[in-house]
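Asks: Contents are mmCIF, C-alpha atoms and all ligand atoms; file name coords21.cif:
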```
data_run
loop_
_atom_site.label_atom_id
_atom_site.label_comp_id
_atom_site.auth_asym_id
_atom_site.auth_seq_id
_atom_site.Cartn_x
_atom_site.Cartn_y
_atom_site.Cartn_z
CA MET A 181 0.00 0.00 0.00
CA ALA A 182 2.83 2.32 0.85
CA THR A 183 4.31 1.96 -2.62
CA ASP A 184 0.90 2.77 -4.14
CA PHE A 185 0.60 5.96 -2.12
CA HIS A 186 4.17 7.09 -2.51
CA ARG A 187 6.31 8.05 -5.38
CA PRO A 188 10.03 7.99 -4.66
CA VAL A 189 12.07 11.02 -5.58
CA THR A 190 15.51 9.63 -6.28
CA GLY A 191 18.71 11.08 -7.55
CA PRO A 192 21.65 9.63 -9.41
CA GLY A 193 23.57 7.14 -7.33
CA THR A 194 20.75 6.94 -4.83
CA ASP A 195 20.35 3.78 -2.83
CA THR A 196 16.66 3.05 -3.21
CA ARG A 197 16.82 -0.18 -1.24
CA ALA A 198 15.71 1.77 1.81
CA GLN A 199 12.24 1.85 0.24
CA ALA A 200 11.88 -1.86 0.79
CA GLY A 201 10.33 -3.00 4.03
CA THR A 202 8.00 -0.04 4.54
CA GLY A 203 5.89 -2.15 6.84
CA ASP A 204 6.22 0.31 9.72
CA GLU A 205 3.98 3.29 10.42
CA PRO A 206 2.46 4.91 7.34
CA ALA A 207 4.07 8.26 6.54
CA ALA A 208 3.14 11.14 4.26
CA VAL A 209 6.84 11.92 3.98
CA ARG A 210 9.72 9.56 4.60
CA VAL A 211 13.22 10.90 4.04
CA ARG A 212 16.30 8.79 4.66
CA GLY A 213 19.90 9.96 4.36
CA LEU A 214 19.04 12.91 2.11
CA SER A 215 22.03 14.90 0.90
CA ARG A 216 22.27 17.83 -1.50
CA SER A 217 25.21 20.03 -2.36
CA PHE A 218 25.64 22.64 -5.05
CA ASP A 219 28.56 22.91 -7.45
CA GLY A 220 30.66 20.40 -5.52
CA GLY A 221 30.57 22.50 -2.34
CA GLU A 222 29.82 21.50 1.23
CA PRO A 223 26.45 19.75 1.52
CA VAL A 224 23.55 22.09 2.23
CA ILE A 225 21.55 19.03 3.27
CA ASP A 226 23.58 16.33 4.93
CA ARG A 227 22.12 12.87 5.60
CA LEU A 228 18.80 14.35 6.70
CA GLU A 229 16.10 12.11 8.15
CA LEU A 230 12.46 13.15 8.33
CA ASP A 231 9.06 11.54 8.76
CA VAL A 232 5.76 13.37 8.50
CA ARG A 233 2.59 11.47 9.38
CA PRO A 234 -0.49 11.62 7.13
CA GLY A 235 -2.50 14.67 8.16
CA GLU A 236 0.26 16.06 10.35
CA PHE A 237 1.07 19.79 10.30
CA VAL A 238 4.82 20.32 10.62
CA ALA A 239 6.57 23.69 10.79
CA LEU A 240 10.19 23.92 9.70
CA LEU A 241 12.30 26.69 11.24
CA GLY A 242 15.98 27.50 10.90
CA ARG A 243 18.39 30.34 10.27
CA SER A 244 18.49 31.92 6.84
CA GLY A 245 20.41 29.81 4.35
CA CYS A 246 20.27 26.58 6.38
CA GLY A 247 18.56 24.69 3.56
CA LYS A 248 14.83 24.83 4.33
CA SER A 249 13.76 25.85 0.81
CA THR A 250 16.15 23.33 -0.69
CA LEU A 251 14.48 20.58 1.34
CA LEU A 252 11.03 21.78 0.29
CA ARG A 253 12.02 21.83 -3.38
CA VAL A 254 13.29 18.27 -3.08
CA LEU A 255 10.02 17.15 -1.47
CA ALA A 256 8.09 18.94 -4.21
CA GLY A 257 10.04 16.97 -6.81
CA LEU A 258 11.55 20.17 -8.24
CA ASP A 259 15.12 19.12 -7.40
CA ARG A 260 16.29 15.58 -8.07
CA GLU A 261 20.04 16.03 -7.84
CA ILE A 262 20.06 14.30 -4.50
CA GLY A 263 21.53 11.43 -2.58
CA GLY A 264 19.35 9.35 -0.29
CA THR A 265 15.72 8.34 -0.40
CA VAL A 266 12.64 10.52 -0.41
CA LEU A 267 9.14 9.11 -0.37
CA VAL A 268 6.28 11.55 -0.87
CA PRO A 269 2.65 11.18 -1.90
CA ARG A 270 1.81 11.36 -5.58
CA ARG A 271 -0.66 14.15 -4.83
CA LYS A 272 1.33 17.06 -3.53
CA ALA A 273 1.29 20.78 -4.09
CA VAL A 274 3.52 23.68 -3.26
CA ALA A 275 2.93 27.39 -2.63
CA PHE A 276 5.81 29.84 -2.44
CA GLN A 277 6.26 33.22 -0.80
CA ALA A 278 5.83 34.90 -4.19
CA PRO A 279 2.43 33.79 -5.54
CA ARG A 280 3.87 33.30 -9.07
CA LEU A 281 0.65 34.06 -10.95
CA MET A 282 0.80 34.42 -14.75
CA PRO A 283 -0.17 38.07 -15.43
CA TRP A 284 -1.75 37.27 -18.80
CA LYS A 285 -4.21 34.73 -17.37
CA ARG A 286 -7.27 35.50 -15.31
CA VAL A 287 -7.26 34.27 -11.74
CA TRP A 288 -9.36 31.15 -12.37
CA ARG A 289 -7.10 30.13 -15.28
CA ASN A 290 -4.07 30.60 -13.03
CA VAL A 291 -5.65 28.26 -10.51
CA LEU A 292 -6.00 25.52 -13.13
CA LEU A 293 -2.53 26.05 -14.58
CA GLY A 294 -0.58 22.84 -15.00
CA LEU A 295 -3.45 20.56 -13.98
CA ALA A 296 -3.69 17.38 -16.01
CA GLY A 297 -6.69 16.86 -18.33
CA LYS A 298 -9.16 19.61 -19.12
CA PRO A 299 -10.42 20.73 -15.74
CA GLU A 300 -13.68 22.69 -15.66
CA ARG A 301 -13.79 26.28 -14.51
CA ALA A 302 -16.06 25.10 -11.67
CA VAL A 303 -13.06 23.28 -10.16
CA ALA A 304 -11.19 26.58 -9.90
CA GLU A 305 -14.29 28.37 -8.62
CA ARG A 306 -14.68 25.86 -5.80
CA ALA A 307 -11.07 26.27 -4.68
CA LEU A 308 -11.32 30.05 -4.94
CA ALA A 309 -14.49 30.02 -2.85
CA GLU A 310 -12.70 27.88 -0.25
CA VAL A 311 -10.05 30.58 0.19
CA GLY A 312 -12.65 33.39 0.16
CA LEU A 313 -11.79 34.59 -3.34
CA GLY A 314 -14.81 33.44 -5.33
CA HIS A 315 -15.63 37.03 -6.29
CA ARG A 316 -12.17 37.57 -7.88
CA SER A 317 -12.27 34.60 -10.22
CA ASP A 318 -12.38 36.76 -13.38
CA ALA A 319 -9.83 39.32 -12.18
CA TRP A 320 -6.36 39.85 -13.64
CA PRO A 321 -3.54 39.02 -11.20
CA LYS A 322 -2.20 42.60 -11.21
CA THR A 323 -5.47 43.83 -9.70
CA LEU A 324 -5.16 41.54 -6.66
CA SER A 325 -3.83 42.68 -3.29
CA GLY A 326 -0.87 40.80 -1.81
CA GLY A 327 -3.14 38.76 0.44
CA GLU A 328 -5.54 37.97 -2.42
CA ALA A 329 -2.68 36.86 -4.67
CA GLN A 330 -1.42 34.59 -1.90
CA ARG A 331 -4.91 33.12 -1.51
CA ALA A 332 -5.07 32.52 -5.28
CA SER A 333 -1.76 30.70 -4.99
CA LEU A 334 -3.21 28.57 -2.18
CA ALA A 335 -6.29 27.81 -4.32
CA ARG A 336 -3.94 26.68 -7.09
CA ALA A 337 -2.34 24.27 -4.63
CA LEU A 338 -5.72 23.04 -3.35
CA VAL A 339 -7.17 22.10 -6.76
CA ARG A 340 -4.49 19.43 -6.83
CA GLU A 341 -6.26 17.82 -3.85
CA PRO A 342 -2.90 17.27 -2.20
CA ASP A 343 -2.13 14.66 0.42
CA LEU A 344 0.92 16.80 1.11
CA LEU A 345 0.87 20.59 1.02
CA LEU A 346 4.28 22.27 0.95
CA LEU A 347 4.29 25.93 1.96
CA ASP A 348 7.46 28.01 1.64
CA GLU A 349 7.01 31.13 3.75
CA PRO A 350 3.63 31.79 2.18
CA PHE A 351 2.88 34.71 4.51
CA GLY A 352 6.33 36.27 4.50
CA ALA A 353 5.47 39.26 2.32
CA LEU A 354 2.09 40.07 3.89
CA ASP A 355 1.31 42.90 6.30
CA ALA A 356 0.59 41.87 9.89
CA LEU A 357 -3.21 41.83 9.70
CA THR A 358 -3.38 40.06 6.34
CA ARG A 359 -0.84 37.61 7.64
CA VAL A 360 -2.99 36.70 10.64
CA LYS A 361 -5.99 36.15 8.35
CA ALA A 362 -3.93 34.02 5.95
CA GLN A 363 -2.58 31.92 8.83
CA ARG A 364 -6.10 31.33 10.07
CA LEU A 365 -7.19 30.35 6.56
CA VAL A 366 -4.40 27.81 6.20
CA GLY A 367 -5.31 26.35 9.61
CA GLU A 368 -8.94 25.99 8.52
CA VAL A 369 -8.06 24.50 5.14
CA TRP A 370 -5.74 22.00 6.81
CA GLN A 371 -8.42 20.92 9.31
CA ARG A 372 -11.01 20.56 6.56
CA ARG A 373 -8.78 18.76 4.07
CA GLY A 374 -6.82 16.58 6.48
CA CYS A 375 -3.69 16.70 4.31
CA ALA A 376 -0.17 16.72 5.72
CA VAL A 377 1.42 20.18 5.68
CA LEU A 378 5.07 21.16 5.80
CA LEU A 379 5.35 24.88 6.42
CA VAL A 380 8.69 26.65 6.11
CA THR A 381 8.65 29.79 8.21
CA HIS A 382 10.91 32.23 10.02
CA ASP A 383 8.19 33.03 12.47
CA VAL A 384 8.19 31.00 15.70
CA GLU A 385 4.72 32.25 16.68
CA GLU A 386 3.32 31.19 13.32
CA ALA A 387 4.83 27.73 13.81
CA LEU A 388 3.27 27.46 17.27
CA LEU A 389 -0.12 28.76 16.16
CA LEU A 390 -0.43 26.20 13.39
CA ALA A 391 1.76 23.15 13.77
CA ASP A 392 1.50 19.77 15.51
CA ARG A 393 5.28 19.66 15.54
CA ALA A 394 8.03 22.24 15.13
CA LEU A 395 11.40 21.32 13.65
CA ILE A 396 14.62 23.29 13.55
CA MET A 397 17.03 22.67 10.73
CA ASP A 398 20.75 23.23 11.26
CA ASP A 399 23.97 21.86 9.79
CA GLY A 400 22.01 20.27 6.98
CA ALA A 401 19.79 18.12 9.18
CA ILE A 402 16.85 18.27 11.55
CA ALA A 403 18.67 19.47 14.67
CA TYR A 404 15.67 19.76 16.98
CA ALA A 405 12.04 18.67 17.05
CA THR A 406 9.29 19.35 19.52
CA PRO A 407 5.61 18.42 19.56
CA VAL A 408 3.49 21.54 20.06
CA GLY A 409 0.65 19.75 21.81
CA LEU A 410 -1.38 22.86 22.74
CA PRO A 411 -5.18 22.84 22.39
CA ARG A 412 -6.63 24.56 19.32
CA PRO A 413 -7.40 27.33 18.66
CA ARG A 414 -4.04 28.35 20.07
CA ASP A 415 -3.71 31.30 22.41
CA ILE A 416 -0.46 33.25 22.36
CA ALA A 417 -1.25 34.43 25.90
CA ASP A 418 -1.16 30.82 27.15
CA PRO A 419 1.94 30.40 29.39
CA HIS A 420 2.73 27.06 27.68
CA PHE A 421 2.75 28.88 24.36
CA ALA A 422 5.22 31.41 25.76
CA GLU A 423 7.37 28.60 27.16
CA LEU A 424 7.58 26.86 23.80
CA ARG A 425 8.29 30.17 22.06
CA SER A 426 11.25 30.84 24.39
CA LEU A 427 12.49 27.29 23.93
CA LEU A 428 12.44 27.52 20.14
CA LEU A 429 13.93 31.03 20.05
CA ASP A 430 16.68 29.80 22.35
CA ARG A 431 17.37 26.85 20.05
CA LEU A 432 17.47 29.25 17.12
CA GLY A 433 20.07 31.32 18.94
CA VAL A 434 17.78 34.30 19.48
CA GLU A 435 18.17 35.84 22.92
CA THR A 436 14.94 36.29 24.84
CA PRO A 437 14.63 38.16 28.14
CA GLY A 438 14.44 35.85 31.14
CA PRO A 439 11.40 35.92 33.49
CA ALA A 440 13.05 38.51 35.79
CA ALA A 441 13.83 40.89 32.92
CA ARG A 442 10.31 40.46 31.53
CA HIS A 443 8.87 41.25 34.95
CA ALA A 444 11.06 44.36 35.29
CA ALA A 445 10.00 45.54 31.83
CA ALA A 446 6.28 45.11 32.62
N1 LIG A 501 20.44 26.49 -7.08
C1 LIG A 501 21.39 26.77 -6.18
N2 LIG A 501 22.68 26.91 -6.57
C2 LIG A 501 23.67 27.17 -5.68
N3 LIG A 501 23.44 27.30 -4.35
C3 LIG A 501 22.17 27.18 -3.91
C4 LIG A 501 21.09 26.91 -4.80
N4 LIG A 501 19.94 26.82 -4.07
C5 LIG A 501 20.31 27.03 -2.78
N5 LIG A 501 21.63 27.24 -2.69
C6 LIG A 501 22.38 27.50 -1.45
O1 LIG A 501 21.98 26.57 -0.48
C7 LIG A 501 21.92 27.18 0.80
C8 LIG A 501 20.54 26.96 1.40
O2 LIG A 501 19.60 27.72 0.66
P1 LIG A 501 18.05 27.67 1.00
O3 LIG A 501 17.36 28.60 0.08
O4 LIG A 501 17.60 26.25 1.02
O5 LIG A 501 18.05 28.22 2.50
P2 LIG A 501 16.81 28.65 3.41
O6 LIG A 501 17.04 27.99 4.74
O7 LIG A 501 15.52 28.39 2.74
O8 LIG A 501 17.08 30.21 3.54
P3 LIG A 501 16.05 31.43 3.79
O9 LIG A 501 15.47 31.18 5.14
O10 LIG A 501 16.94 32.63 3.76
O11 LIG A 501 15.03 31.39 2.69
C9 LIG A 501 22.28 28.63 0.61
O12 LIG A 501 23.64 28.80 0.94
C10 LIG A 501 22.05 28.86 -0.87
O13 LIG A 501 22.92 29.86 -1.36
#
```
Could you quickly redo this structure as structure tokens?

Replies:
Amino acid sequence: MATDFHRPVTGPGTDTRAQAGTGDEPAAVRVRGLSRSFDGGEPVIDRLELDVRPGEFVALLGRSGCGKSTLLRVLAGLDREIGGTVLVPRRKAVAFQAPRLMPWKRVWRNVLLGLAGKPERAVAERALAEVGLGHRSDAWPKTLSGGEAQRASLARALVREPDLLLLDEPFGALDALTRVKAQRLVGEVWQRRGCAVLLVTHDVEEALLLADRALIMDDGAIAYATPVGLPRPRDIADPHFAELRSLLLDRLGVETPGPAARHAAA
């Protein structure tokens, strides 16, 4: 069953024998010994191991340049120059920080772009309605706000009915209020769809608001992982939320004021 669900992404010289014996827990993502370097340099990804459960929401944090986007591109099947084994679902979709809409196609046509067969406009309309953009279906991309363009990009991912949704800093360019709305939308879509999500983000609060598990990437591998385990909807005022935030910021090497300093500042 696992081989039916998964399609291996393999690179030259990859040992695919690790795919055999997948009788353990089902996984939406199974990465074993993944390595990637560029132009013969030091590996950006170095023997990385990762499992994501079906339906699990995982946030991936890490300093700039540590290889998060590279990992996401590999999982999306956009980069196959790899060593190691990567198993991902056949149905997967990716949304990037820049919405990447084709300016010469109306929004609904952008949503259907690259889909196999001849999908009906209604398919795009449904996805646009799901992200609250049904009324902009006929619009040209240049007339959309940043938040609307990002929602169109999400709709384009959703029409693929993904079992795995890969999000690369999708809210990075949005203003604070639009960002909060977009985060909420992704949380709702995830709960409704039940797909696994891997969200690359720089924002620890965003990770804690949305994810079941937060990972920190460093030295080319997953250096730290913690279950979030807080009830939903999440409350940033919850002391456990604050504890996890401090823990993750600490692991990321960002200094946070200790309890005494926070008290003095209050
Ligand atoms: N196509 C490429 N050719 C050469 N080097 C690359 C290429 N893609 C990525 N790199 C290098 O790999 C490293 C990791 O890049 P990547 O974009 O994965 O980091 P990141 O963690 O996503 O960073 P950020 O948080 O700043 O987006 C960087 O040093 C980058 O310069």

Asks: Would you mind listing, for every residue of chain A within 6 Å of ligand LIG 501 (chain A), the two atoms forming the shortest contact and the distance between them in Å to one decimal, using all atoms listed in the file, sorted by chain and ascending residue number, as a Markdown table?

Replies:
```
| residue | atom | partner | partner_atom | distance |
| --- | --- | --- | --- | --- |
| A:Phe218 | CA | A:LIG501 | C2 | 5.0 |
| A:Val224 | CA | A:LIG501 | O1 | 5.5 |
| A:Arg243 | CA | A:LIG501 | O9 | 6.0 |
| A:Ser244 | CA | A:LIG501 | O10 | 3.5 |
| A:Gly245 | CA | A:LIG501 | O5 | 3.4 |
| A:Cys246 | CA | A:LIG501 | O6 | 3.9 |
| A:Gly247 | CA | A:LIG501 | O4 | 3.1 |
| A:Lys248 | CA | A:LIG501 | O6 | 3.9 |
| A:Ser249 | CA | A:LIG501 | O7 | 3.6 |
| A:Thr250 | CA | A:LIG501 | O4 | 3.7 |
```

Asks: Leaving out region 386-398 of chain A and any residue of its chain fewer than 6 positions from it, which residues lie within 7 Å of it when counting all atoms listed in the file, given as a PyMOL selection string?

Replies: chain A and resi 236-242+246+367+404-409+414

Asks: Could you give me, as a list in words, the residues within 10 Å of region 277-281 of chain A, counting all atoms listed in the file and dropping anything in the same chain fewer than 6 positions from it?

Replies: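 Returned residues: Val287, Arg289, Asn290, Val291, Leu293, Trp320, Pro321, Lys322, Gly326, Gly327, Glu328, Ala329, Gln330, Arg331, Ala332, Ser333, Leu334, Arg336, Leu347, Asp348, Glu349, Pro350, Phe351, Gly352, Ala353, Leu354, Val380 and Thr381 of chain A.
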
Asks: Kindly indicate which residue among A:Ala307, A:Val266, A:Leu255, A:Cys375 lies nearest to Arg210 (chain A), using all atoms listed in the file for the distances.

Replies: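 Of A:Ala307, A:Val266, A:Leu255, A:Cys375, the one nearest Arg210 (chain A), counting all atoms listed in the file, is A:Val266.
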
Asks: Residues within 10 Å of Arg216 (chain A), please, as an NGL selection string. Count only C-alpha atoms; anything in the same chain fewer than 2 positions from it doesn't count.

Replies: :A and (191 or 214 or 218 or 220-228 or 247 or 250-251 or 254 or 259-264 or 400)

Asks: Can I get the selection written as a PDB file, in the frame of the given file, with C-alpha atoms?

Replies:
```pdb
ATOM      1  CA  GLY A 191      18.710  11.080  -7.550  1.00  0.00           C
ATOM      2  CA  LEU A 214      19.040  12.910   2.110  1.00  0.00           C
ATOM      3  CA  PHE A 218      25.640  22.640  -5.050  1.00  0.00           C
ATOM      4  CA  GLY A 220      30.660  20.400  -5.520  1.00  0.00           C
ATOM      5  CA  GLY A 221      30.570  22.500  -2.340  1.00  0.00           C
ATOM      6  CA  GLU A 222      29.820  21.500   1.230  1.00  0.00           C
ATOM      7  CA  PRO A 223      26.450  19.750   1.520  1.00  0.00           C
ATOM      8  CA  VAL A 224      23.550  22.090   2.230  1.00  0.00           C
ATOM      9  CA  ILE A 225      21.550  19.030   3.270  1.00  0.00           C
ATOM     10  CA  ASP A 226      23.580  16.330   4.930  1.00  0.00           C
ATOM     11  CA  ARG A 227      22.120  12.870   5.600  1.00  0.00           C
ATOM     12  CA  LEU A 228      18.800  14.350   6.700  1.00  0.00           C
ATOM     13  CA  GLY A 247      18.560  24.690   3.560  1.00  0.00           C
ATOM     14  CA  THR A 250      16.150  23.330  -0.690  1.00  0.00           C
ATOM     15  CA  LEU A 251      14.480  20.580   1.340  1.00  0.00           C
ATOM     16  CA  VAL A 254      13.290  18.270  -3.080  1.00  0.00           C
ATOM     17  CA  ASP A 259      15.120  19.120  -7.400  1.00  0.00           C
ATOM     18  CA  ARG A 260      16.290  15.580  -8.070  1.00  0.00           C
ATOM     19  CA  GLU A 261      20.040  16.030  -7.840  1.00  0.00           C
ATOM     20  CA  ILE A 262      20.060  14.300  -4.500  1.00  0.00           C
ATOM     21  CA  GLY A 263      21.530  11.430  -2.580  1.00  0.00           C
ATOM     22  CA  GLY A 264      19.350   9.350  -0.290  1.00  0.00           C
ATOM     23  CA  GLY A 400      22.010  20.270   6.980  1.00  0.00           C
TER      24      GLY A 400
END
```

Asks: So, with all atoms listed in the file as the atoms that count, which of A:Leu346, A:Arg425, A:Arg359, A:Gly314 lies closest to Leu258 (chain A)?

Replies: A:Leu346

Asks: Pick the closest to Ala273 (chain A) from A:Ala256, A:Leu432, A:Leu324, A:Gln363: which is it, counting all atoms listed in the file?

Replies: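 Of A:Ala256, A:Leu432, A:Leu324, A:Gln363, the one nearest Ala273 (chain A), counting all atoms listed in the file, is A:Ala256.
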
Asks: For CA of Glu385 (chain A) and CA of Phe421 (chain A), quote the distance in Å rounded to one decimal.

Replies: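 Between these atoms lies a distance of 8.6 Å.
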
Asks: Using all atoms listed in the file, which residue out of A:Ser317, A:Thr265, A:Ser217, A:Thr323 lies closest to Val303 (chain A)?

Replies: A:Ser317

Asks: Would you kindly return, as a count of residues only, each protein, DNA or RNA residue with an atom no farther than 9 Å from any atom of Arg373 (chain A), considering all atoms listed in the file and excluding same-chain residues fewer than 6 positions away?

Replies: 4

Asks: Please report the interatomic distance between CA of Arg286 (chain A) and CA of Asp318 (chain A) in Å with one decimal.

Replies: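 Computing it gives 5.6 Å between the two atoms.
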
Asks: What's the separation between CA of Ala403 (chain A) and CA of Asp231 (chain A), in Å to one decimal place?

Replies: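 Distance between the two atoms: 13.8 Å.
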
Asks: For a cut-off of 7 Å around (1.9, 15.5, -3.5), file coordinates, pick out all residues using only C-alpha atoms and list them as JSON, numbers by chain.

Replies: {"A": [268, 269, 270, 271, 272, 273, 342, 343, 344, 345]}

Asks: Filtering to C-alpha atoms, could you give me those residues as a short mmCIF file (atom, residue, chain, number, x, y, z; two decimals), keeping the file's coordinate frame?

Replies:
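Written file, part_1.cif:
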```cif
data_model
loop_
_atom_site.label_atom_id
_atom_site.label_comp_id
_atom_site.auth_asym_id
_atom_site.auth_seq_id
_atom_site.Cartn_x
_atom_site.Cartn_y
_atom_site.Cartn_z
CA VAL A 268 6.28 11.55 -0.87
CA PRO A 269 2.65 11.18 -1.90
CA ARG A 270 1.81 11.36 -5.58
CA ARG A 271 -0.66 14.15 -4.83
CA LYS A 272 1.33 17.06 -3.53
CA ALA A 273 1.29 20.78 -4.09
CA PRO A 342 -2.90 17.27 -2.20
CA ASP A 343 -2.13 14.66 0.42
CA LEU A 344 0.92 16.80 1.11
CA LEU A 345 0.87 20.59 1.02
#
```

Asks: Taking N, CA and C atoms as the atom set, what does region 297-319 of chain A look like once completed, written as a CSV table (one decimal), in the coordinates of the input?

Replies:
```csv
chain,number,residue,atom,x,y,z
A,297,GLY,N,-5.3,17.0,-17.7
A,297,GLY,CA,-6.7,16.9,-18.3
A,297,GLY,C,-7.2,18.2,-18.7
A,298,LYS,N,-8.5,18.3,-18.8
A,298,LYS,CA,-9.2,19.6,-19.1
A,298,LYS,C,-10.1,20.0,-18.0
A,299,PRO,N,-9.6,20.5,-16.9
A,299,PRO,CA,-10.4,20.7,-15.7
A,299,PRO,C,-11.4,21.9,-16.0
A,300,GLU,N,-12.6,21.7,-15.5
A,300,GLU,CA,-13.7,22.7,-15.7
A,300,GLU,C,-13.4,23.9,-14.8
A,301,ARG,N,-13.9,25.0,-15.3
A,301,ARG,CA,-13.8,26.3,-14.5
A,301,ARG,C,-14.4,26.1,-13.1
A,302,ALA,N,-15.4,25.3,-13.0
A,302,ALA,CA,-16.1,25.1,-11.7
A,302,ALA,C,-15.1,24.6,-10.6
A,303,VAL,N,-14.1,23.8,-11.1
A,303,VAL,CA,-13.1,23.3,-10.2
A,303,VAL,C,-12.3,24.4,-9.5
A,304,ALA,N,-11.9,25.4,-10.4
A,304,ALA,CA,-11.2,26.6,-9.9
A,304,ALA,C,-12.1,27.4,-9.0
A,305,GLU,N,-13.4,27.6,-9.4
A,305,GLU,CA,-14.3,28.4,-8.6
A,305,GLU,C,-14.5,27.8,-7.2
A,306,ARG,N,-14.5,26.5,-7.1
A,306,ARG,CA,-14.7,25.9,-5.8
A,306,ARG,C,-13.5,26.2,-4.9
A,307,ALA,N,-12.3,26.0,-5.5
A,307,ALA,CA,-11.1,26.3,-4.7
A,307,ALA,C,-11.0,27.7,-4.3
A,308,LEU,N,-11.4,28.6,-5.2
A,308,LEU,CA,-11.3,30.0,-4.9
A,308,LEU,C,-12.3,30.4,-3.8
A,309,ALA,N,-13.5,29.8,-3.9
A,309,ALA,CA,-14.5,30.0,-2.8
A,309,ALA,C,-13.9,29.6,-1.5
A,310,GLU,N,-13.2,28.4,-1.5
A,310,GLU,CA,-12.7,27.9,-0.2
A,310,GLU,C,-11.7,28.8,0.4
A,311,VAL,N,-11.0,29.6,-0.4
A,311,VAL,CA,-10.0,30.6,0.2
A,311,VAL,C,-10.6,32.0,0.2
A,312,GLY,N,-12.0,32.1,0.0
A,312,GLY,CA,-12.6,33.4,0.2
A,312,GLY,C,-12.4,34.3,-1.0
A,313,LEU,N,-12.2,33.8,-2.2
A,313,LEU,CA,-11.8,34.6,-3.3
A,313,LEU,C,-12.7,34.3,-4.5
A,314,GLY,N,-13.9,33.8,-4.3
A,314,GLY,CA,-14.8,33.4,-5.3
A,314,GLY,C,-15.2,34.6,-6.2
A,315,HIS,N,-15.2,35.8,-5.6
A,315,HIS,CA,-15.6,37.0,-6.3
A,315,HIS,C,-14.5,37.6,-7.2
A,316,ARG,N,-13.3,37.0,-7.1
A,316,ARG,CA,-12.2,37.6,-7.9
A,316,ARG,C,-11.8,36.6,-9.0
A,317,SER,N,-12.6,35.7,-9.3
A,317,SER,CA,-12.3,34.6,-10.2
A,317,SER,C,-11.9,35.2,-11.6
A,318,ASP,N,-12.6,36.2,-12.0
A,318,ASP,CA,-12.4,36.8,-13.4
A,318,ASP,C,-11.3,37.9,-13.4
A,319,ALA,N,-10.8,38.2,-12.3
A,319,ALA,CA,-9.8,39.3,-12.2
A,319,ALA,C,-8.5,39.0,-12.8
```
